[in-house]
Amino acid sequence: MEFIRFIVKRIIFFLITMFLAATFTFVLIKSLPGGPFGSDKMIHPQIMENLNEKYGLNEPLHRQYIMYMQNLLKGDLGISMIYKNRSVSSIIKRAFPVSLDLGIRAVALAVSAGLLMGLLPALHNNKVMDYLVLAVTMLAISMPGFVMGMLLQYLVSFRLSEALQSITGIGYSIFPITGWGSFRYTVVPSIALAIGAMGMMAKMLRAGIKDTLNQNYIIMSRAKGMTHMEVVIRHALKNAVLPLLSISGPLITSIIMGSFVIENIFSIPGLGQYFVSSVQDKDYTMVVGLSVFTVFLVVLANTLTDIIYAVVDPRVRIVSRK
Amino acid sequence: MKIITGYALLLVVFITMSIALSGCGTAEAGFNQVNINLGEEPSTLDPQLAYDVVPMRVINATFEGLMRKDKDGTPIPGVAKEYVISDDRLTYTFYLKDDAVWWDGTGVTAQNFKDAWMRALDPKPKYHEPSYMAYLLFCIEGAKEYAYGEGKAGDVAIYVKDEKTLSVTLIDPTPYFLDLVCNSVYMPINSEFFERQISNDNISKYGSEAKALLGNGPFKIEEWNHDESIILTKNETYWNSENIKLDRIKFCMIRENTAAINSFKAGEIDMVEIIDPLLIKEFEKSGYQVGSYDVGLVEYISMNNEDPILRNGNIRKALSYALDRKTFVEKVLGDGSQEALGFVSPMVRGYEGYFRDQAGDLFKDNDVKKAKELLAQGLKELNLSDMPKLSILADDKETSKRDAQVIQDMWRKNLGVEVEIQIMSFDAMAEKMMQGDYQMSLLMWSGEYNDPRAYLEVFSSSNYYNVAYYVNSHFDELLDRIIGEKDLEKRMSLLVEAEKVAMSDMPVCPVYFAQNSYAVRSGVKGLVRGSSGIQDIDLYWTYIE
């Protein structure tokens with residue numbers, strides 16, 4: 001019963017969020033000057049009128065809104081106004097898997113490397129290692145994505161590939177600079193996308209472990225005669241991971257939804273660029289379609305995180321029941 | 001220590017894995033392929049719907065109109081084997097080549113052209129949006145009325161005489177009609193193929209997928225991986241295929257110029273646009289071929305001729321004369337762009353030779369003394385003691401911001417005039433200009449066809465895009481006479497006069513004629529970059545050495 005109520009509440013919440021998101025984006029994008037047609041090309045006024053009529057843009061705003069919402073209810077996101085005769089859902093269907101692929105690689109990399117780096121200083125109990133990790137994580141967090149992306153592209157995709165090419169004598173670059181395809185295309189962009197999240201995870205984990213290692217129950221376990229390694233892995237890690245879980249939902253969705261910057265730098269055919277270009281082009285249907293899709297994913301991810309959190313931390317469950 | 005060795009091992013495994021797993025990708029030797037960066041995903045490859053340069057780069061290779069452009073940009077017969085112009089210069093009759101065929105081998109007919117042109121003019125097409133570029137067909141009798149929903153389709157003067165003969169009647173003698181016919185919107189369409197692309201929900205897939213396209217050009221489309229690449233292969237059924245050297249073209253879509261430059265240096269693409277002029281020297285030193293071409297763009301400052309201050313011609317002239325355009329193009333741009341001392345681009349042809357050579361420079365710039373005199377005189381006429389601060393709108397592109405700052409600096413130094421730069425999106429700028437709510441704005445203009453009229457029309461008082469709100473009845477009258485003039489030499493001298501009349505009022509202040517620079521891999525020869533959109537990248541004569 002509890003559980004059903006929880007789910008029903010979630011679903012209602014979810015629908016309200018979707019509705020609000022669609023409405024807000026609709027209002028915001030319509031309030032921008034200009035329209036989807038000819039933002040850098042002047043179009044004859046009469047032709048513009050024909051275009052507006054074709055897409056129903058000559059109707060009063062509230063009529064457009066009702067029309068749009070009706071289509072949305074039918075699950076129809078409409079036709080892109082920039083990419084002629086392509087439906088918004090077909091573009092999402094094609095581009096999202098690419099972003100998802102890249103995102104999953106990046107998340108896997110970020111989580112494994114982040115956990116490893118967060119654990120290292122505690123495991124080694126070594127000041128130098130601690131400072132080293134701190135320095136690396138701070139750099140990873142504070143370096144903007146486009147700097148990191150371009151740096152890695154130049155150093156790894158271009159220079160390192162060139163060097164490896166001359167050493168091994170193979171006739172192609174090992175890490176291509178741009179494009180998307182086989183495994184070697186994915187390496188550098190995944191690293192570039194993962195680095196920020198990795199730094200964040202490592203930093204939080206390091207702080208969390210440091211914090212828990214000073215708790216009484218840890219001293220107690222040590223007193224029982226457990227080794228340092230056992231204490232860290234069995235007791236400290238479990239508690240230190242909790243705060244990580246709460247940020248992982250939004251973090252992972254933001255990575256998976258596609259990074260405009262990284263996808264742009266490496267020319268990856270993902271969804272990321274559409275978030276920016278559709279607003280710039282005033283591709284109304286695309287903007288609202290994308291935001292509805294994003295909200296769907298984010299709410300989904302948050303709900304999942306909540307559930308996982310409840311499973312991992314019994315305290316949360318108790319609070320939510322009250 | 002143990003851990004470090006472990007990591008090192010991991011790295012080695014990782015690298016070997018990536019080498020082992022690497023797929024194909026590079027071309028075989030002896031196979032003529034070029035890799036060209038399109039810059040972005042084309043919005044469509046439907047020739048009637050395409051409106052910007054990106055899809056036209058592909059359309060130029062996959063379609064062919066009645067005429068196509070030669071290496072120097074002049075129209076030469078494409079699908080047409082010959083054409084006849086009537087004595088009154090109003091009727092054009094095109095005779096089509098017998099061996100001009102679609103990719104599937106069926107012949108290209110006169111009806112295919114009529115269908116395409118009528119489709120572009122259709123004000124309410126059923127399966128797609130109306131064409132942006134329809135106005136390029138407005139020189140045809142009845143076309144404008146039909147497109148504006150005021151006339152009938154039957155009144156458009158495009159006649160199919162027989163399967164291979166097409167005749168068109170124009171409203172005015174239009175000496176640049178053959179130039180227009182090269183454009184994307186004039187490309188033929190295979191209607192039966194088009195009909196087959198209509199899906200259940202009344203949307204035509206035509207031009208949105210590789211398999212939803214049927215062309216008649218020198219190359220055919222093999223793959224279209226959206227946002228990633230378009231692959232073209234040589235079309236063996238093309239009438240001139242023996243002279244097409246390339247076997248394969250790969251268009252990729254690299255949006256970031258820095259990434260494109262790295263890609264170019266690493267050999268992944270064969271040509272790259274140069275935005276930073278410092279790179280020109282670097283590329284030349286590294287042995288690449290560096291070129292630049294006139295894109296037909298003139299950068300100019302539009303001045304609101306209805307503004308209480310800029311209404312004064314002497315002030316407008318003072319602002320224009322105070323600019324040092326030579327320093328601008330040499331020190332700031334350094335990419336071969338030329339100073340604009342007129343409005344019509346230097347790539348526009350006149351009556352024998354180029355228009356600019358005939359019209360010459362229309363004023364002298366960097367003339368600080370004269371500018372100051374004019375300013376003082378202008379202020380006196382306006383009863384002002386000193387110059388109020390002006391404002392100039394610029395869009396948010398890096399180059400526009402840079403140019404606006406240079407202009408601001410030159411005016412401050414040479415004339416003591418303060419100008420505030422307001423950066424905004426182009427849409428916001430356009431809205432303000434259309435309402436007349438601005439003083440000055442930094443703009444670019446390019447003609448849609450190779451004729452001075454395409455530039456000068458913007459000063460006509462009835463023109464929708466006359467955002468300078470310039471009104472000169474003498475100029476309007478000259479332009480009217482130009483439209484009806486059958487004697488080409490006389491027509492051109494009228495155009496020269498019209499530009500002179502406009503520039504003597506200085507309704508806008510031209511700054512420079514833009515050039516684009518690019519680098520090409522040394523083995524790639526015969527790559528043409530033309531001044532018109534359809535010929536921006538022309539691979540017709542390209543070969544690998």
# chains A, B, ... in the order shown; residues from 1 in each chain; ligands from 1
$ interface_residues --of "chain A" --to "chain B" --cutoff "6 Å" --atoms "only C-alpha atoms" --output "list in words"
Pro33, Gly34, Leu51, Tyr83, Lys84, Ile177, Arg184, Ile265, Ser267 and Pro269 of chain A
$ write_last_selection --atoms "N, CA and C atoms" --output "mmCIF file, in the first residue's frame"
data_model
loop_
_atom_site.group_PDB
_atom_site.id
_atom_site.type_symbol
_atom_site.label_atom_id
_atom_site.label_comp_id
_atom_site.auth_asym_id
_atom_site.auth_seq_id
_atom_site.Cartn_x
_atom_site.Cartn_y
_atom_site.Cartn_z
ATOM 1 N N PRO A 33 12.913 37.225 -29.713
ATOM 2 C CA PRO A 33 12.666 37.886 -31.004
ATOM 3 C C PRO A 33 13.033 36.968 -32.167
ATOM 4 N N GLY A 34 12.405 37.201 -33.301
ATOM 5 C CA GLY A 34 12.724 36.423 -34.494
ATOM 6 C C GLY A 34 11.925 35.135 -34.531
ATOM 7 N N LEU A 51 5.053 30.509 -45.073
ATOM 8 C CA LEU A 51 5.747 29.589 -44.170
ATOM 9 C C LEU A 51 5.045 29.533 -42.820
ATOM 10 N N TYR A 83 15.232 21.362 -39.734
ATOM 11 C CA TYR A 83 15.587 20.172 -40.499
ATOM 12 C C TYR A 83 14.341 19.717 -41.235
ATOM 13 N N LYS A 84 14.247 20.097 -42.496
ATOM 14 C CA LYS A 84 13.019 19.964 -43.263
ATOM 15 C C LYS A 84 12.512 18.536 -43.297
ATOM 16 N N ILE A 177 40.715 12.513 -34.619
ATOM 17 C CA ILE A 177 40.436 13.800 -33.995
ATOM 18 C C ILE A 177 38.946 14.064 -33.910
ATOM 19 N N ARG A 184 38.095 3.146 -31.165
ATOM 20 C CA ARG A 184 39.151 4.150 -31.054
ATOM 21 C C ARG A 184 38.625 5.580 -31.168
ATOM 22 N N ILE A 265 33.188 19.596 -29.989
ATOM 23 C CA ILE A 265 34.632 19.568 -30.244
ATOM 24 C C ILE A 265 35.011 18.330 -31.051
ATOM 25 N N SER A 267 32.972 16.498 -32.859
ATOM 26 C CA SER A 267 31.985 16.257 -33.930
ATOM 27 C C SER A 267 31.284 14.922 -33.760
ATOM 28 N N PRO A 269 27.901 12.810 -33.440
ATOM 29 C CA PRO A 269 26.521 13.040 -33.898
ATOM 30 C C PRO A 269 25.481 12.798 -32.809
#
$ residues_around --residues "Met81 of chain A" --least-positions-apart "3" --cutoff "12 Å" --atoms "only C-alpha atoms" --output "short mmCIF file (atom, residue, chain, number, x, y, z; two decimals) with C-alpha atoms, in the first residue's frame"
data_model
loop_
_atom_site.label_atom_id
_atom_site.label_comp_id
_atom_site.auth_asym_id
_atom_site.auth_seq_id
_atom_site.Cartn_x
_atom_site.Cartn_y
_atom_site.Cartn_z
CA GLY A 35 11.46 33.10 -35.71
CA PRO A 36 12.71 29.82 -37.12
CA PHE A 37 12.82 31.04 -40.70
CA GLY A 38 15.79 32.93 -42.01
CA LEU A 51 5.75 29.59 -44.17
CA ASN A 52 4.06 30.78 -41.00
CA LYS A 54 2.22 26.14 -43.11
CA TYR A 55 3.42 25.68 -39.53
CA GLY A 56 0.45 27.37 -37.90
CA LEU A 57 2.59 30.22 -36.62
CA LEU A 77 6.45 16.06 -30.90
CA GLY A 78 5.95 17.62 -34.31
CA LYS A 84 13.02 19.96 -43.26
CA ASN A 85 10.53 17.13 -43.12
CA ARG A 86 12.20 15.39 -40.20
CA SER A 87 10.16 14.74 -37.10
CA VAL A 88 11.59 15.79 -33.75
CA SER A 278 17.58 24.59 -31.63
CA VAL A 279 17.31 27.57 -29.31
CA ASP A 281 17.55 28.72 -34.61
CA LYS A 282 14.21 29.15 -32.76
CA ASP A 283 13.25 25.68 -33.89
CA TYR A 284 10.13 25.83 -31.71
CA THR A 285 9.03 22.22 -31.99
CA MET A 286 12.56 20.96 -31.44
CA VAL A 287 13.10 23.11 -28.33
CA SER B 43 19.02 21.04 -43.04
CA THR B 44 17.86 19.29 -46.21
CA LEU B 49 14.05 23.89 -50.11
CA HIS B 128 6.57 20.26 -47.39
CA GLU B 129 7.02 23.92 -46.57
CA PRO B 130 7.01 26.67 -49.23
#
$ atom_distance --atom1 "atom CA of Val524 of chain B" --atom2 "atom CA of Glu545 of chain B"
6.3 Å
$ residues_around --residues "segment 498-500 of chain B" --least-positions-apart "4" --cutoff "7 Å" --atoms "only C-alpha atoms" --output "PyMOL selection string"
chain B and resi 362+456+475+478+494+504
$ closest_residue --among "B:Trp239, B:Trp411, B:Phe113, B:Tyr300" --to "Met506 of chain B" --atoms "only C-alpha atoms"
B:Tyr300
$ residues_around --residues "segment 201-204 of chain A" --least-positions-apart "3" --cutoff "10 Å" --atoms "only C-alpha atoms" --output "PyMOL selection string"
chain A and resi 110-120+133-138+140-141+195-198+207-210+240-241+243-245+247-248+251
$ closest_residue --among "A:Ser161, A:Asn214, A:Gln153, A:Ser80" --to "Glu263 of chain A" --atoms "only C-alpha atoms"
A:Gln153
$ atom_distance --atom1 "atom CA of Pro452 of chain B" --atom2 "atom CA of Thr91 of chain B"
22.1 Å
$ residues_around --residues "Phe24 of chain A" --least-positions-apart "4" --cutoff "12 Å" --atoms "only C-alpha atoms" --output "list in words"
Thr17, Met18, Phe19, Leu20, Leu28, Ile29, Lys30, Ser31, Tyr65, Val287, Val288, Ser291 and Val292 of chain A
$ write_last_selection --atoms "N, CA and C atoms" --output "PDB file, in the first residue's frame"
ATOM      1  N   THR A  17       5.211  17.994 -13.604  1.00  0.00           N
ATOM      2  CA  THR A  17       6.508  18.544 -14.016  1.00  0.00           C
ATOM      3  C   THR A  17       6.606  18.638 -15.531  1.00  0.00           C
ATOM      4  N   MET A  18       6.160  17.566 -16.205  1.00  0.00           N
ATOM      5  CA  MET A  18       6.220  17.557 -17.668  1.00  0.00           C
ATOM      6  C   MET A  18       5.387  18.693 -18.246  1.00  0.00           C
ATOM      7  N   PHE A  19       4.181  18.848 -17.716  1.00  0.00           N
ATOM      8  CA  PHE A  19       3.278  19.869 -18.205  1.00  0.00           C
ATOM      9  C   PHE A  19       3.882  21.264 -18.009  1.00  0.00           C
ATOM     10  N   LEU A  20       4.415  21.488 -16.805  1.00  0.00           N
ATOM     11  CA  LEU A  20       5.007  22.794 -16.521  1.00  0.00           C
ATOM     12  C   LEU A  20       6.208  23.053 -17.410  1.00  0.00           C
ATOM     13  N   LEU A  28       8.725  30.689 -23.089  1.00  0.00           N
ATOM     14  CA  LEU A  28      10.044  31.327 -23.159  1.00  0.00           C
ATOM     15  C   LEU A  28      10.544  31.429 -24.595  1.00  0.00           C
ATOM     16  N   ILE A  29      10.421  30.333 -25.332  1.00  0.00           N
ATOM     17  CA  ILE A  29      10.985  30.344 -26.690  1.00  0.00           C
ATOM     18  C   ILE A  29      10.171  31.273 -27.586  1.00  0.00           C
ATOM     19  N   LYS A  30       8.871  31.365 -27.316  1.00  0.00           N
ATOM     20  CA  LYS A  30       8.050  32.259 -28.136  1.00  0.00           C
ATOM     21  C   LYS A  30       8.331  33.731 -27.826  1.00  0.00           C
ATOM     22  N   SER A  31       8.871  33.991 -26.630  1.00  0.00           N
ATOM     23  CA  SER A  31       9.097  35.391 -26.282  1.00  0.00           C
ATOM     24  C   SER A  31      10.416  35.913 -26.847  1.00  0.00           C
ATOM     25  N   TYR A  65      -0.612  27.191 -28.651  1.00  0.00           N
ATOM     26  CA  TYR A  65      -0.306  26.439 -27.439  1.00  0.00           C
ATOM     27  C   TYR A  65      -1.242  25.245 -27.296  1.00  0.00           C
ATOM     28  N   VAL A 287      12.780  22.637 -29.677  1.00  0.00           N
ATOM     29  CA  VAL A 287      13.103  23.109 -28.329  1.00  0.00           C
ATOM     30  C   VAL A 287      12.153  22.482 -27.310  1.00  0.00           C
ATOM     31  N   VAL A 288      10.854  22.571 -27.594  1.00  0.00           N
ATOM     32  CA  VAL A 288       9.888  22.033 -26.630  1.00  0.00           C
ATOM     33  C   VAL A 288      10.012  20.508 -26.569  1.00  0.00           C
ATOM     34  N   SER A 291      12.967  19.593 -24.483  1.00  0.00           N
ATOM     35  CA  SER A 291      12.834  19.835 -23.046  1.00  0.00           C
ATOM     36  C   SER A 291      11.890  18.815 -22.419  1.00  0.00           C
ATOM     37  N   VAL A 292      10.848  18.429 -23.139  1.00  0.00           N
ATOM     38  CA  VAL A 292       9.952  17.394 -22.620  1.00  0.00           C
ATOM     39  C   VAL A 292      10.725  16.090 -22.442  1.00  0.00           C
TER      40      VAL A 292
END
$ residues_around --residues "segment 372-389 of chain B" --least-positions-apart "4" --cutoff "12 Å" --atoms "only C-alpha atoms" --output "VMD selection string"
chain B and resid 307 to 323 366 to 368 408 411 to 421 439 to 440
$ closest_residue --among "A:Ala301, A:Leu102, A:Leu290, A:Ile47" --to "Phe183 of chain A" --atoms "only C-alpha atoms"
A:Leu102
$ atom_distance --atom1 "atom CA of Ser292 of chain B" --atom2 "atom CA of Tyr518 of chain B"
6.1 Å
$ closest_residue --among "A:Met200, A:Ile191, A:Leu237, A:Ile252" --to "Phe266 of chain A" --atoms "only C-alpha atoms"
A:Ile191
$ residues_around --residues "Thr62 of chain B" --least-positions-apart "5" --cutoff "6 Å" --atoms "only C-alpha atoms" --output "PyMOL selection string"
chain B and resi 215+217+219-220
